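S.K.: Sharing a structure below in structure tokens format, with a few things to ask.
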Amino acid sequence: MFTWLKNRLQRNGLTAYITHPVCLQHNMGVGHPECPERLIAIRDQLMAAQIYDSLHEVEAPEVTEQQLARVHPPRYVEYIEACSPSVGTFRMDPDTAMAPGTLSAARHAAGAVIKAVELVCEDKAPNAFCAIRPPGHHAEHDKAMGFCFFNNIAVGIAHALSTYKFERVAVIDFDVHHGNGTEDIFRDDPRVMMVSIFQHPFYPYCGDNPVGANMVNVPLKAGSTGREFREVVENVWLPSLHDFKPQMIFISAGFDAHREDDMGSLGLVEADYEWVTRHLMQIADQYADGRIVSVLEGGYDLSSLARSVTAHVKVLSDG
């Protein structure tokens, strides 16, 4: 029997859906695209599609100082804490602001990925999706930017490497914006392979020049559609992942490359997210005993975000 099929048949339990109510309390102001309604729209669509009841909802814990310190130096964490306002907002940059609820939301967002890693690695869930905010993939080791404060997925990857002693972990990023923070944190770590697509030239205006053999980042021109995306996956991502043979897969699941999301200018649709998720599950089944942790990043048109997450989670939960 094929190994991936055997692993799929042996998996049991429900996909973990990890979130926390405090993630709704991070609010950067009226009209800001990274808004609390994003998580509400996702939950509503999962319920409407009758998928929510097939998930195991888990409340995210707070990340610990030790877990954060694997990725962010203590002086940076202290700076974020010092910037946290008791009223109003404090702007880290023109697009990224802290409100009174932000610090707790950010701590639970990072803690959600820690919890997801533990559930998946200890066979308490076949895979996991973290419905969290603020997002994280733009946060560098000592810099908040692009709506991000702590690099949630990097915190989870570091936990997997440290606690479960993996030698090869892959992170896949299909957000419309390049995951510069994840690249910054793992650019010199041969245990981590990053594969991604992103619109270029576009914020954060990097990623097109390779910074190491473990970074397989492919820029796409504005106007690219699912056809170009699938060509990259088939011709670049999958061969690289097969060569690397990851023991665990992490997904920076940004959905702002959808054609209805005016945050970017790519043309993906729900079927593309469903398609790539199936391919990544096959890689995980073949090399990683099915271990996948998916983490919400971008996606700002509420309707297309909710539909795309639902398509993605449906594949994860179907096995």
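Note on naming: chains are A, B, ... as they come in the structure tokens, residues start from 1 per chain, ligands start from 1 in the order shown.
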Please extract the residues of segment 38-106 of chain A with a backbone DSSP assignment of strand (DSSP E or B) and present them as an NGL selection string.
M.R.: :A and (55-59 or 90-93 or 96-98)
S.K.: Take the residues from that selection and put them in a file with all heavy atoms, as a short mmCIF file (atom, residue, chain, number, x, y, z; two decimals), in the first residue's frame.
M.R.:
```
data_model
loop_
_atom_site.label_atom_id
_atom_site.label_comp_id
_atom_site.auth_asym_id
_atom_site.auth_seq_id
_atom_site.Cartn_x
_atom_site.Cartn_y
_atom_site.Cartn_z
N LEU A 55 -15.24 20.16 12.92
CA LEU A 55 -13.96 20.62 13.43
C LEU A 55 -13.93 20.53 14.95
O LEU A 55 -14.98 20.56 15.60
CB LEU A 55 -13.70 22.07 13.00
CG LEU A 55 -13.80 22.38 11.50
CD1 LEU A 55 -13.65 23.88 11.27
CD2 LEU A 55 -12.76 21.61 10.72
N HIS A 56 -12.74 20.44 15.49
CA HIS A 56 -12.57 20.44 16.95
C HIS A 56 -12.03 21.80 17.35
O HIS A 56 -10.84 22.09 17.18
CB HIS A 56 -11.59 19.34 17.36
CG HIS A 56 -11.29 19.34 18.84
ND1 HIS A 56 -10.08 18.93 19.36
CD2 HIS A 56 -12.04 19.72 19.91
CE1 HIS A 56 -10.09 19.06 20.68
NE2 HIS A 56 -11.27 19.53 21.04
N GLU A 57 -12.92 22.67 17.87
CA GLU A 57 -12.47 24.01 18.26
C GLU A 57 -11.68 23.95 19.56
O GLU A 57 -12.10 23.32 20.53
CB GLU A 57 -13.63 24.98 18.40
CG GLU A 57 -13.16 26.38 18.77
CD GLU A 57 -14.21 27.46 18.60
OE1 GLU A 57 -15.21 27.22 17.90
OE2 GLU A 57 -14.00 28.54 19.17
N VAL A 58 -10.53 24.61 19.54
CA VAL A 58 -9.63 24.64 20.70
C VAL A 58 -9.31 26.09 21.00
O VAL A 58 -9.02 26.88 20.10
CB VAL A 58 -8.33 23.86 20.40
CG1 VAL A 58 -7.38 23.94 21.59
CG2 VAL A 58 -8.64 22.41 20.05
N GLU A 59 -9.37 26.45 22.27
CA GLU A 59 -9.04 27.81 22.67
C GLU A 59 -7.53 27.99 22.74
O GLU A 59 -6.82 27.21 23.39
CB GLU A 59 -9.67 28.14 24.03
CG GLU A 59 -9.51 29.60 24.41
CD GLU A 59 -10.35 29.97 25.62
OE1 GLU A 59 -11.56 30.26 25.44
OE2 GLU A 59 -9.80 29.97 26.75
N PHE A 90 -1.40 53.10 19.26
CA PHE A 90 0.00 53.48 19.07
C PHE A 90 0.45 52.89 17.76
O PHE A 90 0.38 51.68 17.54
CB PHE A 90 0.87 52.95 20.21
CG PHE A 90 2.33 53.27 20.03
CD1 PHE A 90 2.85 54.49 20.46
CD2 PHE A 90 3.19 52.37 19.41
CE1 PHE A 90 4.19 54.80 20.28
CE2 PHE A 90 4.53 52.67 19.23
CZ PHE A 90 5.03 53.89 19.67
N ARG A 91 0.95 53.75 16.85
CA ARG A 91 1.33 53.29 15.52
C ARG A 91 2.78 52.84 15.48
O ARG A 91 3.70 53.60 15.77
CB ARG A 91 1.09 54.38 14.48
CG ARG A 91 -0.38 54.70 14.30
CD ARG A 91 -0.72 55.26 12.92
NE ARG A 91 -2.17 55.23 12.74
CZ ARG A 91 -2.84 54.21 12.24
NH1 ARG A 91 -2.19 53.13 11.85
NH2 ARG A 91 -4.15 54.26 12.12
N MET A 92 2.96 51.56 15.08
CA MET A 92 4.29 51.02 14.87
C MET A 92 4.84 51.48 13.53
O MET A 92 6.05 51.65 13.36
CB MET A 92 4.27 49.50 14.92
CG MET A 92 3.52 48.91 16.11
SD MET A 92 4.26 49.30 17.69
CE MET A 92 5.78 48.37 17.61
N ASP A 93 3.96 51.60 12.55
CA ASP A 93 4.27 52.18 11.25
C ASP A 93 2.94 52.71 10.71
O ASP A 93 1.90 52.58 11.38
CB ASP A 93 4.94 51.16 10.31
CG ASP A 93 4.06 50.01 9.90
OD1 ASP A 93 2.82 50.14 9.90
OD2 ASP A 93 4.59 48.95 9.53
N THR A 96 0.33 49.84 10.77
CA THR A 96 0.32 48.85 11.85
C THR A 96 0.21 49.56 13.19
O THR A 96 1.11 50.30 13.58
CB THR A 96 1.61 48.01 11.81
OG1 THR A 96 1.81 47.51 10.49
CG2 THR A 96 1.54 46.86 12.79
N ALA A 97 -0.92 49.34 13.87
CA ALA A 97 -1.17 50.05 15.11
C ALA A 97 -1.54 49.08 16.22
O ALA A 97 -2.20 48.06 16.00
CB ALA A 97 -2.29 51.07 14.92
N MET A 98 -1.14 49.43 17.45
CA MET A 98 -1.54 48.69 18.63
C MET A 98 -2.69 49.40 19.31
O MET A 98 -2.68 50.61 19.48
CB MET A 98 -0.37 48.56 19.60
CG MET A 98 0.80 47.75 19.08
SD MET A 98 2.00 47.37 20.39
CE MET A 98 1.13 46.08 21.29
#
```
S.K.: Please report as a Markdown table every residue of segment 146-233 of chain A lying within 10 Å of segment 65-69 of chain A, along with the nearest atom pair and their distance in Å (one decimal), using only C-alpha atoms.
M.R.:
```
| residue | atom | partner | partner_atom | distance |
| --- | --- | --- | --- | --- |
| A:Phe150 | CA | A:Leu68 | CA | 8.1 |
| A:Asn151 | CA | A:Leu68 | CA | 9.0 |
| A:Asn152 | CA | A:Leu68 | CA | 9.1 |
| A:Ala154 | CA | A:Leu68 | CA | 9.3 |
| A:Val155 | CA | A:Leu68 | CA | 6.2 |
| A:Gly156 | CA | A:Gln67 | CA | 8.5 |
| A:Ala158 | CA | A:Gln67 | CA | 8.0 |
| A:His159 | CA | A:Gln67 | CA | 6.8 |
| A:Ser162 | CA | A:Gln67 | CA | 9.7 |
```
S.K.: Could you please take those selected residues and save all heavy atoms as a compact mmCIF listing (two decimals), in the first residue's frame?
M.R.:
```txt
# COMPACT_ATOMS: atom_id res chain seq x y z
N PHE A 150 4.10 39.69 16.25
CA PHE A 150 4.90 38.48 16.45
C PHE A 150 4.71 37.58 15.22
O PHE A 150 3.62 37.52 14.65
CB PHE A 150 4.46 37.72 17.70
CG PHE A 150 4.58 38.49 18.97
CD1 PHE A 150 3.56 38.45 19.93
CD2 PHE A 150 5.71 39.26 19.24
CE1 PHE A 150 3.67 39.16 21.11
CE2 PHE A 150 5.83 39.98 20.43
CZ PHE A 150 4.80 39.93 21.36
N ASN A 151 5.78 36.90 14.82
CA ASN A 151 5.67 36.02 13.66
C ASN A 151 5.13 34.67 14.14
O ASN A 151 5.86 33.79 14.56
CB ASN A 151 7.03 35.85 12.97
CG ASN A 151 6.88 35.24 11.59
OD1 ASN A 151 6.23 34.20 11.43
ND2 ASN A 151 7.45 35.88 10.59
N ASN A 152 3.80 34.56 14.07
CA ASN A 152 3.11 33.41 14.65
C ASN A 152 3.62 32.08 14.11
O ASN A 152 3.89 31.14 14.86
CB ASN A 152 1.61 33.54 14.38
CG ASN A 152 1.03 34.86 14.84
OD1 ASN A 152 1.34 35.32 15.95
ND2 ASN A 152 0.21 35.49 14.01
N ALA A 154 6.42 31.41 12.59
CA ALA A 154 7.82 31.17 12.94
C ALA A 154 7.94 30.68 14.38
O ALA A 154 8.76 29.81 14.68
CB ALA A 154 8.64 32.44 12.74
N VAL A 155 7.11 31.21 15.27
CA VAL A 155 7.11 30.75 16.66
C VAL A 155 6.72 29.27 16.71
O VAL A 155 7.33 28.47 17.44
CB VAL A 155 6.15 31.61 17.51
CG1 VAL A 155 5.95 30.99 18.89
CG2 VAL A 155 6.67 33.03 17.64
N GLY A 156 5.72 28.89 15.90
CA GLY A 156 5.31 27.48 15.85
C GLY A 156 6.38 26.58 15.26
O GLY A 156 6.62 25.47 15.75
N ALA A 158 9.63 27.12 15.23
CA ALA A 158 10.72 27.01 16.20
C ALA A 158 10.36 26.03 17.31
O ALA A 158 11.23 25.29 17.81
CB ALA A 158 11.05 28.39 16.76
N HIS A 159 9.11 26.02 17.71
CA HIS A 159 8.65 25.08 18.75
C HIS A 159 8.76 23.64 18.25
O HIS A 159 9.19 22.75 18.97
CB HIS A 159 7.22 25.41 19.15
CG HIS A 159 6.71 24.60 20.29
ND1 HIS A 159 7.27 24.62 21.55
CD2 HIS A 159 5.65 23.74 20.37
CE1 HIS A 159 6.59 23.81 22.36
NE2 HIS A 159 5.60 23.26 21.66
N SER A 162 12.47 22.66 18.16
CA SER A 162 13.08 22.53 19.48
C SER A 162 12.49 21.37 20.28
O SER A 162 13.23 20.59 20.88
CB SER A 162 12.89 23.84 20.25
OG SER A 162 13.37 23.73 21.57
```
S.K.: Of the candidates A:Glu183, A:Asp318, A:Asp123, A:Asp243, which one gets nearest to Ile283 of chain A if we count only C-alpha atoms?
M.R.: A:Asp243
S.K.: Could you name the residues that touch segment 205-222 of chain A at 6 Å or less, counting only C-alpha atoms, but leaving out those on the same chain fewer than 4 positions away, as an MDAnalysis selection string?
M.R.: chainID A and resid 193:201 265:266
S.K.: Taking N, CA and C atoms for each residue, export the selection above as a compact mmCIF listing (two decimals), in the first residue's frame.
M.R.:
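Result file is result_38.txt:
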```
# COMPACT_ATOMS: atom_id res chain seq x y z
N MET A 193 12.71 24.86 4.96
CA MET A 193 12.56 25.28 3.57
C MET A 193 11.30 26.14 3.46
N MET A 194 11.43 27.28 2.81
CA MET A 194 10.27 28.14 2.55
C MET A 194 10.01 28.16 1.06
N VAL A 195 8.76 27.88 0.67
CA VAL A 195 8.35 28.04 -0.72
C VAL A 195 7.17 29.00 -0.72
N SER A 196 7.16 29.91 -1.68
CA SER A 196 6.09 30.91 -1.68
C SER A 196 5.87 31.47 -3.07
N ILE A 197 4.71 32.08 -3.21
CA ILE A 197 4.43 32.98 -4.33
C ILE A 197 3.99 34.31 -3.73
N PHE A 198 4.11 35.36 -4.51
CA PHE A 198 3.67 36.67 -4.06
C PHE A 198 3.68 37.61 -5.27
N GLN A 199 2.86 38.63 -5.20
CA GLN A 199 2.85 39.63 -6.26
C GLN A 199 4.10 40.49 -6.15
N HIS A 200 4.71 40.79 -7.30
CA HIS A 200 5.93 41.61 -7.29
C HIS A 200 6.03 42.38 -8.61
N PRO A 201 6.40 43.67 -8.55
CA PRO A 201 6.76 44.44 -7.35
C PRO A 201 5.52 44.84 -6.54
N SER A 265 -3.41 42.30 -6.71
CA SER A 265 -3.85 42.24 -8.10
C SER A 265 -3.58 40.88 -8.73
N LEU A 266 -3.72 39.81 -7.93
CA LEU A 266 -3.64 38.47 -8.47
C LEU A 266 -5.06 37.93 -8.65
```
S.K.: Counting only C-alpha atoms, what is within 12 Å of Phe166 of chain A, bar same-chain residues fewer than 4 positions away, as a ChimeraX atom specification?
M.R.: /A:117,121,157-162,170,190-192,245-249,288,291
S.K.: Could you save those same residues with C-alpha atoms as a compact mmCIF listing (two decimals), in the first residue's frame?
M.R.:
```
# COMPACT_ATOMS: atom_id res chain seq x y z
CA VAL A 117 1.97 22.01 16.78
CA CYS A 121 2.73 16.21 16.79
CA ILE A 157 8.08 26.25 13.57
CA ALA A 158 10.72 27.01 16.20
CA HIS A 159 8.65 25.08 18.75
CA ALA A 160 8.42 22.09 16.41
CA LEU A 161 12.17 22.12 15.80
CA SER A 162 13.08 22.53 19.48
CA ALA A 170 8.64 23.26 5.22
CA PRO A 190 18.91 24.56 6.67
CA ARG A 191 16.23 22.74 8.66
CA VAL A 192 13.56 25.04 7.22
CA LYS A 245 11.13 15.54 2.23
CA PRO A 246 9.70 17.69 5.04
CA GLN A 247 8.77 16.00 8.30
CA MET A 248 6.14 18.67 8.99
CA ILE A 249 4.37 21.27 6.86
CA ALA A 288 5.31 13.89 7.34
CA ARG A 291 1.33 16.71 9.85
```
